[in-house]
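A.B. asks: So here's target-v6.cif (mmCIF, C-alpha atoms (C1' of nucleotides)).
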```cif
data_entry
loop_
_atom_site.label_atom_id
_atom_site.label_comp_id
_atom_site.auth_asym_id
_atom_site.auth_seq_id
_atom_site.Cartn_x
_atom_site.Cartn_y
_atom_site.Cartn_z
CA MET A 27 57.08 124.84 248.82
CA ALA A 28 60.04 122.69 249.67
CA THR A 29 63.26 124.71 249.40
CA THR A 30 62.63 127.67 251.67
CA MET A 31 59.67 128.30 253.88
CA ARG A 32 59.39 130.81 256.58
CA SER A 33 59.64 129.21 260.01
CA ASP A 34 56.22 130.38 261.14
CA ALA A 35 54.68 129.05 257.96
CA LEU A 36 56.22 125.68 258.56
CA ARG A 37 55.03 125.56 262.12
CA ASN A 38 51.53 126.62 261.17
CA ARG A 39 51.33 124.02 258.46
CA GLN A 40 51.94 121.36 261.03
CA LEU A 41 49.48 122.86 263.48
CA ILE A 42 46.87 122.92 260.76
CA LEU A 43 47.44 119.32 259.80
CA ASP A 44 47.16 118.22 263.41
CA ALA A 45 44.01 120.24 263.92
CA ALA A 46 42.54 118.97 260.70
CA ARG A 47 43.23 115.39 261.60
CA ALA A 48 41.50 115.86 264.93
CA ALA A 49 38.52 117.63 263.41
CA PHE A 50 38.03 115.11 260.63
CA THR A 51 38.48 112.19 262.99
CA GLU A 52 35.74 113.62 265.11
CA HIS A 53 33.27 114.92 262.54
CA GLY A 54 34.15 113.13 259.35
CA GLU A 55 33.74 114.83 256.04
CA ASP A 56 31.71 117.67 257.50
CA ALA A 57 34.38 119.01 259.74
CA GLN A 58 34.39 122.77 259.20
CA MET A 59 37.20 124.89 257.89
CA ASP A 60 36.56 127.57 260.49
CA ASP A 61 36.70 124.99 263.21
CA ILE A 62 39.95 123.56 261.92
CA ALA A 63 41.51 127.03 261.82
CA ARG A 64 40.34 127.73 265.35
CA ARG A 65 41.76 124.46 266.65
CA ALA A 66 45.04 125.24 264.99
CA GLY A 67 45.03 128.68 266.57
CA VAL A 68 45.21 130.25 263.17
CA GLY A 69 43.03 132.41 260.93
CA VAL A 70 41.06 130.87 258.06
CA GLY A 71 43.15 132.89 255.68
CA THR A 72 46.24 131.06 256.81
CA LEU A 73 44.51 127.77 256.45
CA TYR A 74 43.65 128.59 252.87
CA ARG A 75 47.15 129.70 252.06
CA HIS A 76 48.40 126.27 252.98
CA PHE A 77 45.63 124.33 251.30
CA ARG A 78 43.97 125.99 248.38
CA THR A 79 40.70 124.18 249.06
CA LYS A 80 39.02 121.83 251.48
CA GLU A 81 39.39 118.99 249.04
CA MET A 82 43.14 119.48 248.96
CA LEU A 83 43.23 119.20 252.71
CA VAL A 84 41.12 116.07 252.61
CA GLY A 85 43.45 114.61 250.01
CA GLU A 86 46.44 115.28 252.19
CA LEU A 87 44.84 113.63 255.19
CA ILE A 88 43.75 110.59 253.24
CA HIS A 89 47.27 110.30 252.00
CA VAL A 90 48.72 110.30 255.49
CA LYS A 91 46.14 107.90 256.81
CA LEU A 92 46.59 105.36 254.05
CA SER A 93 50.32 105.64 254.33
CA ASP A 94 50.11 104.77 258.01
CA PHE A 95 47.94 101.81 257.16
CA ALA A 96 50.41 100.57 254.62
CA GLU A 97 53.13 100.75 257.20
CA ALA A 98 51.05 98.81 259.70
CA VAL A 99 50.24 96.09 257.18
CA ARG A 100 53.86 95.75 256.20
CA ARG A 101 54.80 95.34 259.82
CA LYS A 102 52.15 92.68 260.29
CA PHE A 103 53.54 90.82 257.31
CA GLU A 104 57.00 90.82 258.77
CA GLU A 105 56.28 90.29 262.43
CA GLU A 106 53.47 87.77 262.20
CA SER A 107 54.68 84.58 260.61
CA ASP A 108 51.35 82.76 260.63
CA PRO A 109 49.72 83.62 257.28
CA TRP A 110 46.14 83.62 258.49
CA ALA A 111 46.97 85.51 261.68
CA ALA A 112 48.67 88.18 259.61
CA PHE A 113 45.65 88.54 257.38
CA GLU A 114 43.07 88.54 260.13
CA GLY A 115 45.22 90.62 262.42
CA GLY A 116 45.88 93.22 259.77
CA LEU A 117 42.23 93.51 258.96
CA ARG A 118 41.16 93.75 262.57
CA GLU A 119 43.79 96.33 263.29
CA GLN A 120 42.53 98.47 260.45
CA THR A 121 38.91 98.12 261.39
CA ASP A 122 39.68 99.00 264.98
CA VAL A 123 41.33 102.19 263.88
CA MET A 124 38.48 102.95 261.54
CA ALA A 125 35.99 102.44 264.32
CA ARG A 126 37.46 105.44 266.08
CA ASP A 127 37.82 107.66 263.03
CA ALA A 128 34.72 109.14 261.43
CA ALA A 129 36.71 110.53 258.55
CA HIS A 130 38.06 107.16 257.64
CA GLN A 131 34.67 105.52 257.90
CA ARG A 132 33.32 107.86 255.29
CA MET A 133 36.44 108.19 253.20
CA PRO A 134 34.98 106.67 250.03
CA PHE A 135 32.51 109.54 249.96
CA ALA A 136 34.87 112.34 250.84
CA ALA A 137 37.33 111.10 248.27
CA THR A 138 36.71 113.18 245.20
CA PRO A 139 38.88 112.55 242.16
CA GLU A 140 40.67 115.78 243.12
CA ALA A 141 41.55 114.46 246.53
CA MET A 142 42.44 110.99 245.35
CA GLN A 143 45.01 112.36 243.01
CA ARG A 144 46.99 113.57 245.99
CA ALA A 145 46.51 110.32 247.85
CA GLU A 146 47.32 108.08 244.90
CA PRO A 147 50.82 107.04 245.98
CA ALA A 148 49.56 105.91 249.34
CA VAL A 149 46.80 103.91 247.71
CA ARG A 150 49.35 102.01 245.69
CA GLU A 151 51.55 101.54 248.72
CA LEU A 152 48.67 100.05 250.68
CA ARG A 153 47.62 97.75 247.88
CA GLU A 154 51.14 96.41 247.65
CA ALA A 155 51.33 95.77 251.36
CA TRP A 156 48.07 93.87 251.35
CA GLY A 157 49.10 92.06 248.22
CA LYS A 158 51.93 90.34 250.04
CA VAL A 159 49.80 89.33 252.99
CA ILE A 160 47.09 87.98 250.73
CA GLU A 161 49.49 86.15 248.49
CA ARG A 162 51.10 84.38 251.38
CA ALA A 163 47.75 83.42 252.87
CA LYS A 164 46.59 81.98 249.59
CA GLU A 165 49.77 80.03 249.14
CA ALA A 166 49.33 78.62 252.61
CA GLY A 167 45.82 77.62 251.63
CA VAL A 168 44.14 79.52 254.45
CA LEU A 169 42.43 82.07 252.23
CA ARG A 170 40.02 81.59 249.34
CA GLN A 171 42.03 81.21 246.17
CA ASP A 172 39.88 83.77 244.38
CA PHE A 173 40.37 86.46 246.97
CA GLU A 174 41.63 89.74 245.52
CA VAL A 175 43.42 92.72 246.95
CA ASP A 176 40.57 95.03 246.03
CA ASP A 177 38.16 92.97 248.09
CA ILE A 178 39.74 94.56 251.12
CA ARG A 179 38.99 98.06 250.02
CA THR A 180 35.45 97.26 249.00
CA PHE A 181 34.74 95.46 252.21
CA MET A 182 36.23 98.25 254.28
CA CYS A 183 34.02 100.70 252.48
CA GLY A 184 30.96 98.73 253.52
CA LEU A 185 32.14 98.22 257.04
CA GLY A 186 32.97 101.87 257.51
CA SER A 187 29.49 102.81 256.46
CA MET A 188 28.02 100.38 258.93
CA MET A 189 30.05 102.05 261.65
CA ALA A 190 28.94 105.47 260.57
CA ALA A 191 25.32 104.42 260.33
CA ASP A 192 25.52 102.82 263.71
CA ALA A 193 27.01 105.94 265.23
CA GLN A 194 24.21 108.00 263.77
CA GLY A 195 21.91 106.10 266.05
CA ALA A 196 18.67 105.80 264.13
CA MET A 197 19.19 102.03 264.18
CA PRO A 198 21.85 99.60 265.38
CA TYR A 199 24.25 98.13 262.87
CA ASP A 200 26.41 95.37 264.25
CA TRP A 201 29.53 95.78 262.15
CA ARG A 202 31.63 93.51 264.35
CA ARG A 203 29.39 90.63 263.44
CA GLN A 204 29.78 91.40 259.76
CA LEU A 205 33.51 91.41 260.15
CA ASP A 206 33.36 88.00 261.75
CA LEU A 207 31.07 86.70 259.04
CA PHE A 208 33.40 88.04 256.40
CA LEU A 209 36.50 86.49 257.93
CA ASP A 210 34.66 83.24 258.35
CA GLY A 211 33.51 83.40 254.77
CA VAL A 212 36.82 84.06 253.10
CA ARG A 213 38.86 81.69 255.24
CA ALA A 214 39.66 78.58 253.33
CA THR A 215 38.95 75.44 255.25
CA ARG A 216 41.34 72.71 254.26
CA HIS A 217 39.85 69.27 254.05
CA MET B 20 -6.11 114.54 257.15
CA ALA B 21 -8.15 111.50 256.38
CA THR B 22 -11.83 112.37 256.54
CA THR B 23 -12.17 115.17 254.04
CA MET B 24 -9.54 116.54 251.74
CA ARG B 25 -10.06 118.78 248.84
CA SER B 26 -9.74 116.96 245.55
CA ASP B 27 -6.87 119.10 244.30
CA ALA B 28 -5.01 118.58 247.53
CA LEU B 29 -5.38 114.84 247.19
CA ARG B 30 -4.18 114.88 243.62
CA ASN B 31 -1.22 117.08 244.46
CA ARG B 32 -0.22 114.90 247.34
CA GLN B 33 0.09 112.01 244.95
CA LEU B 34 1.97 114.07 242.38
CA ILE B 35 4.39 115.16 245.06
CA LEU B 36 5.01 111.65 246.26
CA ASP B 37 5.67 110.47 242.72
CA ALA B 38 7.98 113.36 242.03
CA ALA B 39 9.77 112.86 245.33
CA ARG B 40 10.30 109.19 244.67
CA ALA B 41 11.80 109.98 241.29
CA ALA B 42 14.02 112.74 242.63
CA PHE B 43 15.29 110.71 245.57
CA THR B 44 15.85 107.66 243.43
CA GLU B 45 17.99 109.77 241.19
CA HIS B 46 19.85 111.98 243.63
CA GLY B 47 19.58 110.23 246.94
CA GLU B 48 19.38 112.20 250.13
CA ASP B 49 20.36 115.42 248.45
CA ALA B 50 17.42 115.66 246.16
CA GLN B 51 16.19 119.22 246.46
CA MET B 52 12.83 120.39 247.65
CA ASP B 53 12.58 122.95 244.86
CA ASP B 54 13.31 120.28 242.32
CA ILE B 55 10.70 117.95 243.74
CA ALA B 56 8.12 120.72 243.63
CA ARG B 57 9.01 121.52 240.06
CA ARG B 58 8.75 117.90 238.99
CA ALA B 59 5.37 117.67 240.65
CA GLY B 60 4.27 120.81 238.83
CA VAL B 61 3.55 122.47 242.13
CA GLY B 62 4.90 125.37 244.19
CA VAL B 63 7.22 124.75 247.12
CA GLY B 64 4.56 126.14 249.38
CA THR B 65 2.26 123.31 248.44
CA LEU B 66 4.99 120.79 248.99
CA TYR B 67 5.49 122.12 252.50
CA ARG B 68 1.80 122.07 253.29
CA HIS B 69 1.77 118.35 252.60
CA PHE B 70 5.00 117.55 254.38
CA ARG B 71 6.00 119.87 257.16
CA THR B 72 9.68 119.18 256.54
CA LYS B 73 12.05 117.33 254.27
CA GLU B 74 12.61 114.70 256.89
CA MET B 75 8.90 113.96 257.00
CA LEU B 76 8.94 113.39 253.27
CA VAL B 77 11.96 111.14 253.56
CA GLY B 78 10.22 109.18 256.27
CA GLU B 79 7.20 108.68 254.08
CA LEU B 80 9.28 107.45 251.18
CA ILE B 81 11.30 105.07 253.32
CA HIS B 82 8.05 103.73 254.61
CA VAL B 83 6.72 103.01 251.15
CA LYS B 84 9.97 101.51 249.96
CA LEU B 85 10.36 99.15 252.90
CA SER B 86 6.76 98.18 252.64
CA ASP B 87 7.27 97.17 249.04
CA PHE B 88 10.30 95.16 250.04
CA ALA B 89 8.36 93.35 252.70
CA GLU B 90 5.74 92.44 250.15
CA ALA B 91 8.39 91.13 247.77
CA VAL B 92 10.02 89.01 250.45
CA ARG B 93 6.69 87.57 251.51
CA ARG B 94 5.98 86.61 247.93
CA LYS B 95 9.35 84.94 247.61
CA PHE B 96 8.62 82.95 250.72
CA GLU B 97 5.37 81.70 249.31
CA GLU B 98 6.27 81.17 245.70
CA GLU B 99 9.76 79.76 246.07
CA SER B 100 9.65 76.47 247.87
CA ASP B 101 13.40 75.85 247.96
CA PRO B 102 14.62 77.43 251.21
CA TRP B 103 18.00 78.53 249.95
CA ALA B 104 16.64 79.82 246.67
CA ALA B 105 14.13 81.91 248.56
CA PHE B 106 16.84 83.40 250.73
CA GLU B 107 19.30 84.06 247.96
CA GLY B 108 16.61 85.16 245.55
CA GLY B 109 15.09 87.56 248.03
CA LEU B 110 18.44 89.11 248.77
CA ARG B 111 19.41 89.43 245.13
CA GLU B 112 16.08 90.94 244.28
CA GLN B 113 16.54 93.57 246.94
CA THR B 114 20.08 94.37 245.99
CA ASP B 115 19.09 94.71 242.35
CA VAL B 116 16.47 97.24 243.26
CA MET B 117 18.89 99.06 245.51
CA ALA B 118 21.43 99.21 242.73
CA ARG B 119 19.08 101.44 240.80
CA ASP B 120 17.98 103.62 243.68
CA ALA B 121 20.39 106.14 245.14
CA ALA B 122 18.02 107.00 247.95
CA HIS B 123 17.86 103.44 249.09
CA GLN B 124 21.60 102.99 248.90
CA ARG B 125 22.06 105.81 251.35
CA MET B 126 19.00 105.24 253.44
CA PRO B 127 20.84 104.50 256.68
CA PHE B 128 22.22 108.03 256.53
CA ALA B 129 19.07 109.82 255.49
CA ALA B 130 17.12 108.01 258.16
CA THR B 131 17.00 110.39 261.09
CA PRO B 132 15.11 109.27 264.19
CA GLU B 133 12.40 111.66 263.03
CA ALA B 134 12.03 109.90 259.71
CA MET B 135 12.32 106.42 261.14
CA GLN B 136 9.41 107.01 263.42
CA ARG B 137 7.17 107.30 260.40
CA ALA B 138 8.70 104.27 258.74
CA GLU B 139 8.64 102.11 261.85
CA PRO B 140 5.69 99.89 260.88
CA ALA B 141 7.32 99.01 257.58
CA VAL B 142 10.56 98.14 259.32
CA ARG B 143 8.76 95.67 261.49
CA GLU B 144 6.88 94.28 258.52
CA LEU B 145 10.10 93.70 256.66
CA ARG B 146 11.81 92.06 259.59
CA GLU B 147 8.94 89.67 259.95
CA ALA B 148 9.01 88.73 256.30
CA TRP B 149 12.72 88.03 256.39
CA GLY B 150 12.30 86.20 259.66
CA LYS B 151 10.22 83.53 257.99
CA VAL B 152 12.60 83.07 255.10
CA ILE B 153 15.58 82.84 257.41
CA GLU B 154 13.88 80.48 259.81
CA ARG B 155 12.98 78.07 257.06
CA ALA B 156 16.48 78.18 255.61
CA LYS B 157 18.02 77.44 258.98
CA GLU B 158 15.64 74.56 259.58
CA ALA B 159 16.58 73.15 256.21
CA GLY B 160 20.20 73.47 257.23
CA VAL B 161 21.20 75.59 254.27
CA LEU B 162 21.95 78.73 256.28
CA ARG B 163 24.32 79.26 259.17
CA GLN B 164 22.53 78.47 262.37
CA ASP B 165 23.68 81.70 263.97
CA PHE B 166 22.38 83.91 261.18
CA GLU B 167 20.10 86.68 262.42
CA VAL B 168 17.44 88.79 260.82
CA ASP B 169 19.35 91.96 261.55
CA ASP B 170 22.32 90.68 259.61
CA ILE B 171 20.36 91.43 256.48
CA ARG B 172 19.91 95.08 257.32
CA THR B 173 23.48 95.57 258.37
CA PHE B 174 24.79 93.87 255.28
CA MET B 175 22.48 95.86 253.03
CA CYS B 176 23.76 99.03 254.64
CA GLY B 177 27.29 98.12 253.70
CA LEU B 178 26.38 96.99 250.23
CA GLY B 179 24.40 100.14 249.53
CA SER B 180 27.38 102.24 250.47
CA MET B 181 29.59 100.27 248.15
CA MET B 182 27.16 100.99 245.35
CA ALA B 183 27.05 104.65 246.18
CA ALA B 184 30.82 104.87 246.44
CA ASP B 185 31.19 103.06 243.18
CA ALA B 186 28.78 105.41 241.49
CA GLN B 187 30.73 108.37 242.77
CA GLY B 188 33.54 107.19 240.58
CA ALA B 189 36.69 108.08 242.47
CA MET B 190 37.43 104.37 242.69
CA PRO B 191 35.73 101.13 241.69
CA TYR B 192 33.91 99.12 244.34
CA ASP B 193 32.80 95.71 243.17
CA TRP B 194 29.71 95.22 245.29
CA ARG B 195 28.50 92.23 243.26
CA ARG B 196 31.54 90.32 244.35
CA GLN B 197 30.90 91.18 247.97
CA LEU B 198 27.37 89.92 247.62
CA ASP B 199 28.65 86.65 246.26
CA LEU B 200 31.21 86.36 249.03
CA PHE B 201 28.54 87.06 251.60
CA LEU B 202 26.15 84.47 250.21
CA ASP B 203 28.96 81.97 250.00
CA GLY B 204 29.95 82.75 253.55
CA VAL B 205 26.59 82.39 255.20
CA ARG B 206 25.47 79.35 253.25
CA ALA B 207 25.74 76.27 255.39
CA THR B 208 27.46 73.39 253.68
CA ARG B 209 26.06 70.14 254.92
CA HIS B 210 28.62 67.40 255.35
"C1'" DA C 17 68.22 148.30 262.21
"C1'" DA C 18 66.00 149.12 257.96
"C1'" DA C 19 63.89 147.03 253.95
"C1'" DT C 20 61.13 143.71 251.83
"C1'" DA C 21 59.03 139.64 250.72
"C1'" DT C 22 56.10 136.35 253.13
"C1'" DA C 23 52.67 135.14 256.01
"C1'" DC C 24 48.94 136.22 259.08
"C1'" DG C 25 43.98 137.24 260.87
"C1'" DG C 26 39.38 137.44 260.43
"C1'" DA C 27 35.55 140.27 258.70
"C1'" DA C 28 33.00 140.14 254.64
"C1'" DC C 29 31.39 137.69 250.68
"C1'" DC C 30 28.73 134.42 248.20
"C1'" DA C 31 26.30 130.18 246.82
"C1'" DT C 32 23.36 126.78 248.29
"C1'" DG C 33 19.20 124.91 249.80
"C1'" DG C 34 15.63 124.41 253.36
"C1'" DT C 35 11.69 127.05 255.04
"C1'" DT C 36 8.27 130.84 255.58
"C1'" DC C 37 4.84 134.25 254.22
"C1'" DC C 38 1.18 136.20 252.07
"C1'" DG C 39 -1.57 137.67 248.20
"C1'" DT C 40 -4.21 134.88 244.84
"C1'" DT C 41 -6.90 130.94 243.23
"C1'" DT C 42 -9.98 127.10 243.49
"C1'" DG C 43 -13.03 123.44 245.34
"C1'" DT C 44 -17.05 122.79 248.01
"C1'" DC C 45 -21.38 123.66 250.01
"C1'" DA C 46 -25.70 125.97 250.69
"C1'" DT D 17 -24.05 131.03 241.89
"C1'" DG D 18 -22.22 133.39 245.65
"C1'" DA D 19 -19.44 132.90 249.89
"C1'" DC D 20 -15.77 131.05 252.35
"C1'" DA D 21 -12.58 127.86 253.93
"C1'" DA D 22 -8.90 125.32 252.05
"C1'" DA D 23 -5.15 125.14 249.03
"C1'" DC D 24 -1.96 127.17 245.85
"C1'" DG D 25 2.45 129.58 243.90
"C1'" DG D 26 6.70 131.31 244.29
"C1'" DA D 27 9.37 135.37 245.76
"C1'" DA D 28 11.77 136.37 249.79
"C1'" DC D 29 14.03 134.86 253.89
"C1'" DC D 30 17.62 132.84 256.56
"C1'" DA D 31 21.28 129.73 258.22
"C1'" DT D 32 25.19 127.38 256.93
"C1'" DG D 33 29.76 126.90 255.51
"C1'" DG D 34 33.34 127.36 251.96
"C1'" DT D 35 36.21 131.04 250.04
"C1'" DT D 36 38.22 135.71 249.19
"C1'" DC D 37 40.35 140.12 250.32
"C1'" DC D 38 43.23 143.25 252.21
"C1'" DG D 39 45.27 145.80 255.92
"C1'" DT D 40 48.61 144.30 259.45
"C1'" DA D 41 52.44 141.67 261.46
"C1'" DT D 42 56.69 139.06 261.25
"C1'" DA D 43 60.70 136.36 259.51
"C1'" DT D 44 64.68 137.05 256.84
"C1'" DT D 45 68.36 139.42 254.71
"C1'" DT D 46 71.84 143.01 254.16
#
```
Show me the file's structure as structure tokens.

C.D. replies:
Amino acid sequence: MATTMRSDALRNRQLILDAARAAFTEHGEDAQMDDIARRAGVGVGTLYRHFRTKEMLVGELIHVKLSDFAEAVRRKFEEESDPWAAFEGGLREQTDVMARDAAHQRMPFAATPEAMQRAEPAVRELREAWGKVIERAKEAGVLRQDFEVDDIRTFMCGLGSMMAADAQGAMPYDWRRQLDLFLDGVRATRH
Amino acid sequence: MATTMRSDALRNRQLILDAARAAFTEHGEDAQMDDIARRAGVGVGTLYRHFRTKEMLVGELIHVKLSDFAEAVRRKFEEESDPWAAFEGGLREQTDVMARDAAHQRMPFAATPEAMQRAEPAVRELREAWGKVIERAKEAGVLRQDFEVDDIRTFMCGLGSMMAADAQGAMPYDWRRQLDLFLDGVRATRH
DNA sequence: AAATATACGGAACCATGGTTCCGTTTGTCA
DNA sequence: TGACAAACGGAACCATGGTTCCGTATATTT
């Protein structure tokens, strides 16, 4: 896969990834393989040569997405010196992105063990990035002492679903309010 | 539908509803019509005579479920005199039930406008029941003054998804913790 | 420029699961 | 108890969407 790859194959792989990202962003887990191929200007056969199955493709995309998130959180940690601002800012940044990305909203459900295997490194990367932000916030006493890294993931899972449910339109779900409540709830108030 | 109905039809309708509840509880939105019919000891044809479409059936079940919830919340309001205990107890009761019911966990996604139309009365009923509990808690000063009835629904949507994601098993999602955080967060601490 | 391995396109395939159809059965009523 | 409307069962139907297959095209190499 790495050493030599025909130039057209390389180009197509990129086209496919771009198309896939667009399709999944728009339609979430039920983006269609045919549609992705069409967007990429490529036949389904080609698509399948690059990714043996839909799950593989999903795994790849999750990997990229989480990797980007990790990068963003690291940057927040470095550029924002105020511990609470880094925490809140990082979270808001991520939720804003998620709000525009159906795939990410529903990631916990698209993420089969198969797919997660591919994305594993990015998961770890992201946990580490958040770990630093959280640690600093706790040390500064602006975040509940019992807050854990995994609380982020779990909360994001819930929030993403609220977004998705809201978008579906059978009933309104005010996820922004829940985010505010959450932030309010986990912020440590020093007395 | 109401006036006269052949006895076997009546009996079957009940069998179907029972079977459907079981199937949806177990498999959530992707319970299968064939399976439901089989469980009810009935042909698919019969199933479809009673409910013109799967969505109709879903609507009916949501209706029943929410109606039960409303009843439970009303009881809490009457039997539990402590305002906070009623609020927390009601919420925990509901989440416990949800934890054992895949259909309910994913309700916001199964609930098409079609289905919601049928369930509408129960939605209102439930909102009213919670309204009383919330009002009393706010008056007693044990709940954030800006808490709203709809916050319950939105939160439950998120929590249900965490449960579902957790059950899927690609990654752990500690929804109990989130429930505790939420309760902690919305509880008003009198100074 | 010919030879060959690689990659491509997209029609066809197949599994899944909701829905329909129609010949048969059963409850009800006179 | 016969007649008929109402209800039943379940095989067949159909749409959807992932996946495979194979004849064709193209990059690379000598």

A.B. asks: Pick out the closest residue to chain D from this set: A:Lys80, A:Arg75, A:Arg179, A:Arg47. Count only C-alpha atoms (C1' of nucleotides).

C.D. replies: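 Smallest separation from chain D among the options: A:Lys80.
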
A.B. asks: Give as a ChimeraX atom specification the residues that the PyMOL selection byres ((chain D and resi 18) around 12) matches when applied to the coordinates above.

C.D. replies: /C:45-46 /D:17,19-20

A.B. asks: Contacts from chain A to chain D, 10 Å maximum, all atoms listed in the file: show me the residue list as a ChimeraX atom specification.

C.D. replies: /A:31-35,56,58-60,70-71,74,78-80

A.B. asks: Quick one: of A:Gly67, A:Gly54, A:Pro134, A:Pro147, who's nearest to chain B, counting only C-alpha atoms?

C.D. replies: A:Pro134

A.B. asks: At most 7 Å is the cut-off: for each residue in chain C with any atom that close to an atom of chain A, write down the nearest atom pair and the distance in Å rounded to one decimal, counting all atoms listed in the file, chain first then increasing number, as CSV.

C.D. replies:
```
residue,atom,partner,partner_atom,distance
C:DA23,C1',A:Ala35,CA,6.7
C:DC24,C1',A:Thr72,CA,6.3
C:DG25,C1',A:Gly69,CA,4.9
C:DG26,C1',A:Gly69,CA,6.2
```

A.B. asks: For a test of reading the model, state the distance in Å between atom CA of Met124 of chain A and atom CA of Arg37 of chain A, rounded to one decimal.

C.D. replies: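 Atom CA of Met124 of chain A sits 28.0 Å away from atom CA of Arg37 of chain A.
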
A.B. asks: Using all atoms listed in the file, determine which residues of chain B fall within 6 Å of chain A; present them as a list in words.

C.D. replies: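 Selected residues: Pro127, Thr131, Pro132, Thr173, Gly177, Leu178, Ser180, Met181, Ala184, Ala189, Tyr192 and Gly204 of chain B.
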
A.B. asks: Measure the distance from atom CA of Ile153 of chain B to atom CA of Pro102 of chain B in Å and round it to one decimal.

C.D. replies: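 Here the two named atoms are 8.3 Å from each other.
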
A.B. asks: As a PyMOL selection string, please: the residues near Glu147 of chain B (cut-off 12 Å, only C-alpha atoms (C1' of nucleotides), same-chain neighbours under 2 positions excluded).

C.D. replies: chain B and resi 85-86+88-90+92-93+96+140-145+149-154+167-169

A.B. asks: Figure out the distance between atom CA of Thr30 of chain A and atom C1' of DA18 of chain C, please, to one decimal in Å.

C.D. replies: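 Distance reported for this atom pair: 22.6 Å.
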
A.B. asks: What's the 6 Å shell around Leu34 of chain B, counting all atoms listed in the file, without same-chain residues fewer than 3 positions away, as a PyMOL selection string?

C.D. replies: chain B and resi 31+37+59

A.B. asks: Box along x, y and z, 3 Å on every side, all listed atoms of segment 175-189 of chain A inside: centre and edge lengths in Å to one decimal, as AutoDock Vina command-line options.

C.D. replies:
```
--center_x 35.7 --center_y 97.8 --center_z 253.8 --size_x 21.4 --size_y 16.1 --size_z 21.6
```
